[in-house]
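Chemist: One structure, as structure tokens, below. Some questions next.
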Amino acid sequence: MRAQSAIESTEFEQPGDEQPEFDHLVHCVPDVESTVRGYTEAGLPAHANPEYLGYRNGAWRLDTRYIELSSIVNRLVFLDSPYGRAMKSWQPRADELVARGGGALTFCVHVTDAGDTAERLRARGHRVELLTFAREGSPVSFREAILTDGPPWAPFFVTYEPDRQTILAKYSAGRVNRGPHDLAGILVETPDPRASAAWLGELLGIPPGASPTVVPLPLGQVHFTEGPADAITALLLSGGGPPTTVIDGLAVRPVESVAGSGRP
């Protein structure tokens, strides 16, 4: 599904105290350990987590933000788990990405209250699933609002309990290893970059910035470029002379390489 080529309203609805910020991106890969090596060799120090309910992930964690490396290791167990049921609408595309060697599935936006976000989007005619996850024995839970009627690259929304800063300080601090580079944003290839940027800005309640093809989402701007993929195609990095490479179907590039980045 493509973003609408025309926006019915030029008004960008402000979502009150939702304070949308980039949270993470989901990179589907055939093998997490192999992808961890690829990230680390590119200067993006990553780690792998143990298998849980047929699923294994890892991450390049910068701070409250991270790039999640996602893989299914036991399909029957995973599909019957709460996470597998939540990913049901995404699973065909995730399988397709893995069959091609990997690629970005979607990205996540942190909001103050995912429930409020779901209500706001439903009031505007969107279809949204609202799900709560609480792993047994874990002090952390999270609530996700998943848009089911957007383009393939459309974000989903998350709220954590406790809040992200507390999670970072108490439970994730030992896993933060940004390395020499920072995440400046992501690149989405779409047939109509201007319309797609306008659609996303309106969805998030973020007014346009200096470029009509960049949505200035705090902590990770979303850049759009013209092409047929209709998908997230690259991580855009800053600081430390970022590499230009491809890791399991996902490009890694300096943000300055993208037209309209607004950087010198």
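We name chains A, B, ... following the order of the structure tokens; residues begin at 1 in each chain, and ligands are numbered from 1 as shown.
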Range 28-144 of chain A: which residues are strand (DSSP E) by DSSP, as a ChimeraX atom specification?

Modeler: /A:28,47-48,55-61,66-72,103-110,128-134,141-144

Chemist: Create the file for the chosen residues now, containing C-alpha atoms and written as a PDB file, in the first residue's frame.

Modeler:
```pdb
ATOM      1  CA  CYS A  28      14.749  -8.835   9.981  1.00  0.00           C
ATOM      2  CA  HIS A  47      25.045  -7.740  20.795  1.00  0.00           C
ATOM      3  CA  ALA A  48      22.836 -10.841  20.622  1.00  0.00           C
ATOM      4  CA  TYR A  55      12.465 -15.796  18.708  1.00  0.00           C
ATOM      5  CA  ARG A  56      15.969 -14.377  18.906  1.00  0.00           C
ATOM      6  CA  ASN A  57      16.999 -10.778  18.692  1.00  0.00           C
ATOM      7  CA  GLY A  58      19.955  -8.523  19.204  1.00  0.00           C
ATOM      8  CA  ALA A  59      20.626  -4.827  18.969  1.00  0.00           C
ATOM      9  CA  TRP A  60      22.909  -1.958  18.213  1.00  0.00           C
ATOM     10  CA  ARG A  61      21.852   0.138  21.222  1.00  0.00           C
ATOM     11  CA  TYR A  66      18.266   1.007  19.178  1.00  0.00           C
ATOM     12  CA  ILE A  67      18.308  -1.006  15.984  1.00  0.00           C
ATOM     13  CA  GLU A  68      16.720  -4.390  16.687  1.00  0.00           C
ATOM     14  CA  LEU A  69      18.091  -7.439  14.850  1.00  0.00           C
ATOM     15  CA  SER A  70      15.211  -9.898  14.579  1.00  0.00           C
ATOM     16  CA  SER A  71      15.129 -13.593  13.677  1.00  0.00           C
ATOM     17  CA  ILE A  72      12.767 -16.564  14.146  1.00  0.00           C
ATOM     18  CA  GLY A 103      15.987  -5.995   5.373  1.00  0.00           C
ATOM     19  CA  ALA A 104      14.174  -3.381   7.433  1.00  0.00           C
ATOM     20  CA  LEU A 105      10.600  -4.290   8.357  1.00  0.00           C
ATOM     21  CA  THR A 106       9.324  -1.202  10.176  1.00  0.00           C
ATOM     22  CA  PHE A 107      10.275   1.460  12.696  1.00  0.00           C
ATOM     23  CA  CYS A 108       8.846   2.440  16.061  1.00  0.00           C
ATOM     24  CA  VAL A 109       7.917   5.839  17.478  1.00  0.00           C
ATOM     25  CA  HIS A 110       7.859   6.392  21.228  1.00  0.00           C
ATOM     26  CA  VAL A 128      -5.119   0.301  14.858  1.00  0.00           C
ATOM     27  CA  GLU A 129      -4.359  -2.725  17.042  1.00  0.00           C
ATOM     28  CA  LEU A 130      -3.494  -1.981  20.681  1.00  0.00           C
ATOM     29  CA  LEU A 131      -1.426  -4.666  22.411  1.00  0.00           C
ATOM     30  CA  THR A 132       0.234  -4.976  25.833  1.00  0.00           C
ATOM     31  CA  PHE A 133       3.293  -7.155  26.486  1.00  0.00           C
ATOM     32  CA  ALA A 134       4.596  -8.245  29.877  1.00  0.00           C
ATOM     33  CA  SER A 141       6.272  -4.049  30.112  1.00  0.00           C
ATOM     34  CA  PHE A 142       5.253  -2.147  27.016  1.00  0.00           C
ATOM     35  CA  ARG A 143       2.168  -1.220  25.044  1.00  0.00           C
ATOM     36  CA  GLU A 144       2.123  -0.982  21.254  1.00  0.00           C
TER      37      GLU A 144
END
```

Chemist: Find the spatial neighbours of Ser81 in chain A, counting only C-alpha atoms, within a cut-off of 12 Å - ignore same-chain residues fewer than 5 positions away - and output them as a PDB file with N, CA and C atoms, in the first residue's frame.

Modeler:
```
ATOM      1  N   TYR A  52      14.083 -16.665  22.959  1.00  0.00           N
ATOM      2  CA  TYR A  52      12.932 -16.618  23.855  1.00  0.00           C
ATOM      3  C   TYR A  52      11.673 -16.864  23.037  1.00  0.00           C
ATOM      4  N   LEU A  53      10.920 -17.892  23.388  1.00  0.00           N
ATOM      5  CA  LEU A  53       9.659 -18.240  22.723  1.00  0.00           C
ATOM      6  C   LEU A  53       9.825 -18.362  21.212  1.00  0.00           C
ATOM      7  N   GLY A  54      10.895 -19.025  20.808  1.00  0.00           N
ATOM      8  CA  GLY A  54      11.119 -19.268  19.386  1.00  0.00           C
ATOM      9  C   GLY A  54      11.680 -18.095  18.616  1.00  0.00           C
ATOM     10  N   TYR A  55      12.033 -17.045  19.340  1.00  0.00           N
ATOM     11  CA  TYR A  55      12.465 -15.796  18.708  1.00  0.00           C
ATOM     12  C   TYR A  55      13.830 -15.422  19.265  1.00  0.00           C
ATOM     13  N   ILE A  72      13.550 -15.453  13.609  1.00  0.00           N
ATOM     14  CA  ILE A  72      12.767 -16.564  14.146  1.00  0.00           C
ATOM     15  C   ILE A  72      13.629 -17.824  14.088  1.00  0.00           C
ATOM     16  N   ASN A  74      12.497 -20.822  15.919  1.00  0.00           N
ATOM     17  CA  ASN A  74      11.563 -21.944  16.024  1.00  0.00           C
ATOM     18  C   ASN A  74      10.181 -21.410  15.657  1.00  0.00           C
ATOM     19  N   ARG A  75       9.802 -21.619  14.406  1.00  0.00           N
ATOM     20  CA  ARG A  75       8.589 -20.976  13.887  1.00  0.00           C
ATOM     21  C   ARG A  75       7.336 -21.415  14.628  1.00  0.00           C
ATOM     22  N   LEU A  76       7.183 -22.698  14.912  1.00  0.00           N
ATOM     23  CA  LEU A  76       5.967 -23.182  15.564  1.00  0.00           C
ATOM     24  C   LEU A  76       5.800 -22.557  16.944  1.00  0.00           C
ATOM     25  N   ALA A  86       1.145 -11.047  17.658  1.00  0.00           N
ATOM     26  CA  ALA A  86       1.174  -9.602  17.414  1.00  0.00           C
ATOM     27  C   ALA A  86       1.743  -9.287  16.039  1.00  0.00           C
ATOM     28  N   MET A  87       2.674 -10.134  15.570  1.00  0.00           N
ATOM     29  CA  MET A  87       3.330  -9.879  14.282  1.00  0.00           C
ATOM     30  C   MET A  87       2.605 -10.517  13.102  1.00  0.00           C
ATOM     31  N   LYS A  88       1.400 -11.034  13.336  1.00  0.00           N
ATOM     32  CA  LYS A  88       0.714 -11.789  12.294  1.00  0.00           C
ATOM     33  C   LYS A  88       0.579 -10.997  10.997  1.00  0.00           C
ATOM     34  N   PHE A 133       2.370  -6.037  26.309  1.00  0.00           N
ATOM     35  CA  PHE A 133       3.293  -7.155  26.486  1.00  0.00           C
ATOM     36  C   PHE A 133       3.946  -7.059  27.855  1.00  0.00           C
ATOM     37  N   ARG A 135       6.555  -9.682  29.924  1.00  0.00           N
ATOM     38  CA  ARG A 135       7.272 -10.944  30.017  1.00  0.00           C
ATOM     39  C   ARG A 135       7.315 -11.403  31.466  1.00  0.00           C
TER      40      ARG A 135
END
```

Chemist: Calculate how many Å separate CA of Asp23 in chain A from CA of Val111 in chain A, rounding to one decimal.

Modeler: 9.1 Å

Chemist: For the structure I just gave you, how does DSSP split range 30-207 of chain A - specifically, which residues are helix (DSSP H, G or I)? Reply as an MDAnalysis selection string.

Modeler: chainID A and resid 32:41 75:79 82:86 91:99 114:123 164:175 193:204

Chemist: Can you tell me how far CA of Trp199 in chain A sits from CA of Ala145 in chain A, in Å to one decimal?

Modeler: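 About the pair CA of Trp199 in chain A and CA of Ala145 in chain A: they are 17.7 Å apart.
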
Chemist: Which of these, A:Leu235, A:Ile146, A:Ala123, A:Ala197, has the shortest distance to Val258 in chain A once you count only C-alpha atoms?

Modeler: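 Of A:Leu235, A:Ile146, A:Ala123, A:Ala197, the one nearest Val258 in chain A is A:Leu235, counting only C-alpha atoms.
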
Chemist: Show which residues sit within 10 Å of Ser172 in chain A, as an mmCIF file with all heavy atoms, in the first residue's frame. Count only C-alpha atoms, and ignore same-chain residues fewer than 4 positions away.

Modeler:
```
data_model
loop_
_atom_site.group_PDB
_atom_site.id
_atom_site.type_symbol
_atom_site.label_atom_id
_atom_site.label_comp_id
_atom_site.auth_asym_id
_atom_site.auth_seq_id
_atom_site.Cartn_x
_atom_site.Cartn_y
_atom_site.Cartn_z
ATOM 1 N N ARG A 61 22.548 -0.793 20.324
ATOM 2 C CA ARG A 61 21.852 0.138 21.222
ATOM 3 C C ARG A 61 22.688 1.387 21.390
ATOM 4 O O ARG A 61 23.849 1.332 21.809
ATOM 5 C CB ARG A 61 21.566 -0.503 22.580
ATOM 6 C CG ARG A 61 20.882 0.465 23.542
ATOM 7 C CD ARG A 61 20.385 -0.201 24.801
ATOM 8 N NE ARG A 61 19.094 -0.857 24.652
ATOM 9 C CZ ARG A 61 17.927 -0.230 24.650
ATOM 10 N NH1 ARG A 61 17.863 1.098 24.745
ATOM 11 N NH2 ARG A 61 16.807 -0.904 24.540
ATOM 12 N N ASP A 63 21.273 4.452 22.986
ATOM 13 C CA ASP A 63 20.823 5.088 24.232
ATOM 14 C C ASP A 63 19.418 4.550 24.445
ATOM 15 O O ASP A 63 19.266 3.335 24.542
ATOM 16 C CB ASP A 63 20.892 6.633 24.151
ATOM 17 C CG ASP A 63 20.540 7.172 22.769
ATOM 18 O OD1 ASP A 63 19.485 6.787 22.228
ATOM 19 O OD2 ASP A 63 21.304 7.991 22.221
ATOM 20 N N THR A 64 18.406 5.416 24.536
ATOM 21 C CA THR A 64 17.044 4.885 24.548
ATOM 22 C C THR A 64 16.675 4.326 23.169
ATOM 23 O O THR A 64 15.738 3.547 23.046
ATOM 24 C CB THR A 64 16.026 5.978 24.932
ATOM 25 O OG1 THR A 64 16.146 7.070 24.021
ATOM 26 C CG2 THR A 64 16.260 6.457 26.358
ATOM 27 N N ARG A 164 11.329 5.061 29.497
ATOM 28 C CA ARG A 164 12.559 4.683 28.776
ATOM 29 C C ARG A 164 13.833 5.041 29.523
ATOM 30 O O ARG A 164 14.797 4.275 29.522
ATOM 31 C CB ARG A 164 12.597 5.357 27.392
ATOM 32 C CG ARG A 164 11.618 4.802 26.402
ATOM 33 C CD ARG A 164 11.952 5.223 24.998
ATOM 34 N NE ARG A 164 12.017 6.674 24.833
ATOM 35 C CZ ARG A 164 12.400 7.273 23.713
ATOM 36 N NH1 ARG A 164 12.745 6.554 22.667
ATOM 37 N NH2 ARG A 164 12.417 8.588 23.624
ATOM 38 N N GLN A 165 13.878 6.215 30.138
ATOM 39 C CA GLN A 165 15.094 6.622 30.837
ATOM 40 C C GLN A 165 15.375 5.718 32.034
ATOM 41 O O GLN A 165 16.525 5.382 32.319
ATOM 42 C CB GLN A 165 14.980 8.091 31.278
ATOM 43 C CG GLN A 165 15.045 9.094 30.136
ATOM 44 C CD GLN A 165 16.379 9.060 29.404
ATOM 45 O OE1 GLN A 165 17.400 8.658 29.946
ATOM 46 N NE2 GLN A 165 16.375 9.498 28.157
ATOM 47 N N THR A 166 14.323 5.302 32.738
ATOM 48 C CA THR A 166 14.505 4.389 33.860
ATOM 49 C C THR A 166 14.990 3.030 33.370
ATOM 50 O O THR A 166 15.892 2.418 33.962
ATOM 51 C CB THR A 166 13.190 4.229 34.642
ATOM 52 O OG1 THR A 166 12.785 5.509 35.154
ATOM 53 C CG2 THR A 166 13.353 3.256 35.798
ATOM 54 N N ILE A 167 14.416 2.546 32.282
ATOM 55 C CA ILE A 167 14.855 1.271 31.708
ATOM 56 C C ILE A 167 16.326 1.355 31.308
ATOM 57 O O ILE A 167 17.121 0.446 31.579
ATOM 58 C CB ILE A 167 13.986 0.899 30.498
ATOM 59 C CG1 ILE A 167 12.549 0.591 30.951
ATOM 60 C CG2 ILE A 167 14.572 -0.285 29.753
ATOM 61 C CD1 ILE A 167 11.581 0.414 29.811
ATOM 62 N N LEU A 168 16.698 2.461 30.687
ATOM 63 C CA LEU A 168 18.085 2.636 30.261
ATOM 64 C C LEU A 168 19.029 2.623 31.454
ATOM 65 O O LEU A 168 20.063 1.944 31.443
ATOM 66 C CB LEU A 168 18.226 3.947 29.483
ATOM 67 C CG LEU A 168 19.621 4.268 28.955
ATOM 68 C CD1 LEU A 168 20.033 3.273 27.879
ATOM 69 C CD2 LEU A 168 19.657 5.693 28.389
ATOM 70 N N VAL A 176 24.657 -0.477 26.315
ATOM 71 C CA VAL A 176 24.797 0.682 25.439
ATOM 72 C C VAL A 176 26.240 0.765 24.959
ATOM 73 O O VAL A 176 27.171 0.854 25.756
ATOM 74 C CB VAL A 176 24.405 1.986 26.163
ATOM 75 C CG1 VAL A 176 24.696 3.197 25.278
ATOM 76 C CG2 VAL A 176 22.931 1.951 26.543
#
```

Chemist: CA of Val222 in chain A to CA of Asp95 in chain A: how many Å, to one decimal?

Modeler: 24.4 Å

Chemist: Give one line per residue of range 162-204 of chain A that approaches range 212-217 of chain A to at most 6 Å, naming the two atoms of the closest pair and their distance in Å to one decimal, counting only C-alpha atoms; sort by chain then ascending residue number and deliver it as JSON lines.

Modeler:
```
{"residue": "A:Pro193", "atom": "CA", "partner": "A:Thr213", "partner_atom": "CA", "distance": 5.8}
{"residue": "A:Arg194", "atom": "CA", "partner": "A:Thr213", "partner_atom": "CA", "distance": 5.1}
{"residue": "A:Ala197", "atom": "CA", "partner": "A:Thr213", "partner_atom": "CA", "distance": 5.4}
{"residue": "A:Gly201", "atom": "CA", "partner": "A:Val215", "partner_atom": "CA", "distance": 5.9}
```

Chemist: I'd like the neighbourhood of Ala251 in chain A as a list in words, where a residue qualifies if any of its atoms comes within 10 Å (using only C-alpha atoms), though same-chain residues fewer than 6 positions away should be ignored.

Modeler: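 My list of contacting residues is Gly103, Ala104, Ile186, Leu187, Ile232, Thr233, Ala234, Leu235, Leu236, Pro243, Thr244 and Thr245 of chain A.
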
Chemist: Counting only C-alpha atoms, what is within 9 Å of Leu62 in chain A, bar same-chain residues fewer than 3 positions away, as JSON, numbers by chain?

Modeler: {"A": [65, 66, 67, 175, 176, 177, 178, 179, 182, 183]}

Chemist: From the options A:Pro139, A:Ile206, A:Pro162, A:Ser211, which residue's atoms come nearest to Thr225 in chain A, counting only C-alpha atoms?

Modeler: A:Ser211
